[in-house]
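Enquirer: Sharing a structure with you now.
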Amino acid sequence: MAEADEASKPLFAGLSDVSISEDIPVEGEITVPVGSPSHDDEYSTLDEPVKETILRDLKAVGKKFGHVMYPKKSTTLLRDWDLWGPLLLCVTLALMLQGGSADSKEDGGPQFAEVFVIIWFGSVIITLNSKLLGGTISFFQSLCVLGYCILPLTVAMIVCRLVLLGGTGTASFIVRFIVVVASFGWSTFASTAFLADSQPPNRKALVVYPVFLFYFVISWMILTFSPSHSDGATDTGP
């Protein structure tokens, strides 16, 4: 009978008499977590003024220009890639090449569009070639590097335009030739310094060769540029 009475009692019958003394502190809190500012929130650009955003992007582009002018092994161009710098350089170079002697009424070709297409189409072909050969960088990272490394050739184009203001003689050609060759070597070396490590060791030559041709074509366009007759001397007719 005693066993039956014990079995009939509720399992937790004695717990109702248990009380917690007021002298025993109850630790812990039950609170709803309020979102504290995280690291990502501090760098959010959603509420950032447009002026600060533009200045920050311009500083980033300028820093990448510095890496190209002083080429060294760095992942800045690959990690923080953008296409604003390449677009700016491409437009600047195309505008300065526009108005040459080849841009005549008989030719009728939009030289700006030709330069623009050559640069971007060539960059895309080199990038696809790099990916097919087993490159480890992304498509847009390669475009970023190739575009930013046009900077020395853009500077060479500015120098050549200034030299051509003094005439188109032999001395002018020699000066332009030296400037263009130096800029060509600079662009090729800078681009391969950033892209070489991302390629398999036994296929680096297959990647460097198209880069060489790409910058050679741009260099040839700069070297062979001559101002149109309308930009040169005035008409001396009767």
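We label chains A, B, ... in the order they appear in the structure tokens, count residues from 1 in each chain, and number ligands from 1 in the order shown.
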Please extract the residues of stretch 137-193 of chain A with a backbone DSSP assignment of helix (DSSP H, G or I) and present them as a ChimeraX atom specification.

Expert: /A:139-148,151-164,170-193

Enquirer: Please dump the current selection as a short mmCIF file (atom, residue, chain, number, x, y, z; two decimals), in the first residue's frame; keep C-alpha atoms.

Expert:
```
data_model
loop_
_atom_site.label_atom_id
_atom_site.label_comp_id
_atom_site.auth_asym_id
_atom_site.auth_seq_id
_atom_site.Cartn_x
_atom_site.Cartn_y
_atom_site.Cartn_z
CA PHE A 139 37.79 39.04 -64.92
CA PHE A 140 37.37 42.58 -63.59
CA GLN A 141 40.62 42.47 -61.63
CA SER A 142 42.51 41.83 -64.86
CA LEU A 143 40.64 44.63 -66.63
CA CYS A 144 41.49 46.96 -63.77
CA VAL A 145 45.22 46.20 -63.95
CA LEU A 146 45.43 46.47 -67.74
CA GLY A 147 43.48 49.72 -67.72
CA TYR A 148 45.46 51.41 -64.98
CA LEU A 151 48.81 55.60 -67.45
CA PRO A 152 52.45 55.81 -68.69
CA LEU A 153 51.26 55.75 -72.30
CA THR A 154 48.72 58.48 -71.56
CA VAL A 155 51.52 60.61 -70.10
CA ALA A 156 53.58 59.85 -73.22
CA MET A 157 50.70 61.03 -75.39
CA ILE A 158 50.57 64.34 -73.51
CA VAL A 159 54.32 64.81 -73.94
CA CYS A 160 54.11 63.98 -77.65
CA ARG A 161 51.35 66.51 -78.19
CA LEU A 162 53.49 69.16 -76.52
CA VAL A 163 56.52 68.20 -78.62
CA LEU A 164 54.48 68.35 -81.81
CA THR A 170 63.58 64.62 -87.12
CA ALA A 171 64.42 65.95 -83.66
CA SER A 172 60.76 65.87 -82.74
CA PHE A 173 60.42 62.26 -83.88
CA ILE A 174 63.49 61.17 -81.89
CA VAL A 175 62.17 62.76 -78.71
CA ARG A 176 58.74 61.20 -79.22
CA PHE A 177 60.29 57.82 -80.01
CA ILE A 178 62.30 57.80 -76.78
CA VAL A 179 59.30 58.86 -74.69
CA VAL A 180 56.97 56.30 -76.26
CA VAL A 181 59.45 53.42 -75.97
CA ALA A 182 60.10 54.23 -72.31
CA SER A 183 56.37 54.42 -71.57
CA PHE A 184 55.74 51.19 -73.46
CA GLY A 185 58.31 49.36 -71.37
CA TRP A 186 56.92 50.95 -68.21
CA SER A 187 53.35 49.86 -68.95
CA THR A 188 54.38 46.32 -69.88
CA PHE A 189 56.57 45.92 -66.80
CA ALA A 190 53.93 47.32 -64.45
CA SER A 191 51.15 45.09 -65.78
CA THR A 192 53.25 41.93 -65.69
CA ALA A 193 54.38 42.76 -62.14
#
```

Enquirer: Could you tell me which of A:Gly134, A:Thr53, A:Thr127, A:Gln199 comes closest to A:Phe214 if we count only C-alpha atoms?

Expert: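 Of A:Gly134, A:Thr53, A:Thr127, A:Gln199, the one nearest A:Phe214 is A:Thr127, counting only C-alpha atoms.
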
Enquirer: Here is a test: counting only C-alpha atoms, which residue of A:Val68, A:Ile222, A:Val115, A:Leu206 is nearest to A:Asn129?

Expert: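 Closest to A:Asn129, using only C-alpha atoms: A:Leu206.
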
Enquirer: Leaving out A:Pro210 and any residue of its chain fewer than 5 positions from it, which residues lie within 10 Å of it when counting only C-alpha atoms, given as a list of chain:residue names?

Expert: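 Contacts, with the query itself left out: A:Gly122, A:Ser123, A:Ile125, A:Ile126, A:Thr127, A:Asn129, A:Ser130, A:Ala205, A:Tyr215, A:Phe216.
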
Enquirer: I need the residue nearest A:Leu89 from this list: A:Glu114, A:Phe225, A:His67, A:Cys149. Use only C-alpha atoms for the distance.

Expert: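 Once distances to A:Leu89 are computed over only C-alpha atoms, the minimum belongs to A:Cys149.
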
Enquirer: With only C-alpha atoms as the basis for distance, which of A:Gly85, A:Val50, A:Phe121, A:Ser198 is at the shortest distance from A:Gly66?

Expert: A:Gly85

Enquirer: Could you check the closest approach to A:Ile119 for each of A:Gly166, A:Leu132, A:Arg56, A:Val211 and tell me which residue wins, using only C-alpha atoms?

Expert: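 Comparing A:Gly166, A:Leu132, A:Arg56, A:Val211 against A:Ile119, the winner is A:Val211.
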
Enquirer: One number please: atom CA of A:Pro227 to atom CA of A:Ala94, in Å, one decimal.

Expert: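 Going from atom CA of A:Pro227 over to atom CA of A:Ala94 covers 13.9 Å.
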
Enquirer: Would you list the contacts of A:Ala60 as an NGL selection string, taking every protein, DNA or RNA residue within 12 Å and counting only C-alpha atoms, but skipping same-chain residues closer than 3 positions in sequence?

Expert: :A and (53-57 or 63-67 or 76-77 or 79-85)

Enquirer: Using only C-alpha atoms, which residue out of A:Gln98, A:Thr168, A:Ser138, A:Ser219 lies closest to A:Val124?

Expert: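 Of A:Gln98, A:Thr168, A:Ser138, A:Ser219, the one nearest A:Val124 is A:Ser138, counting only C-alpha atoms.
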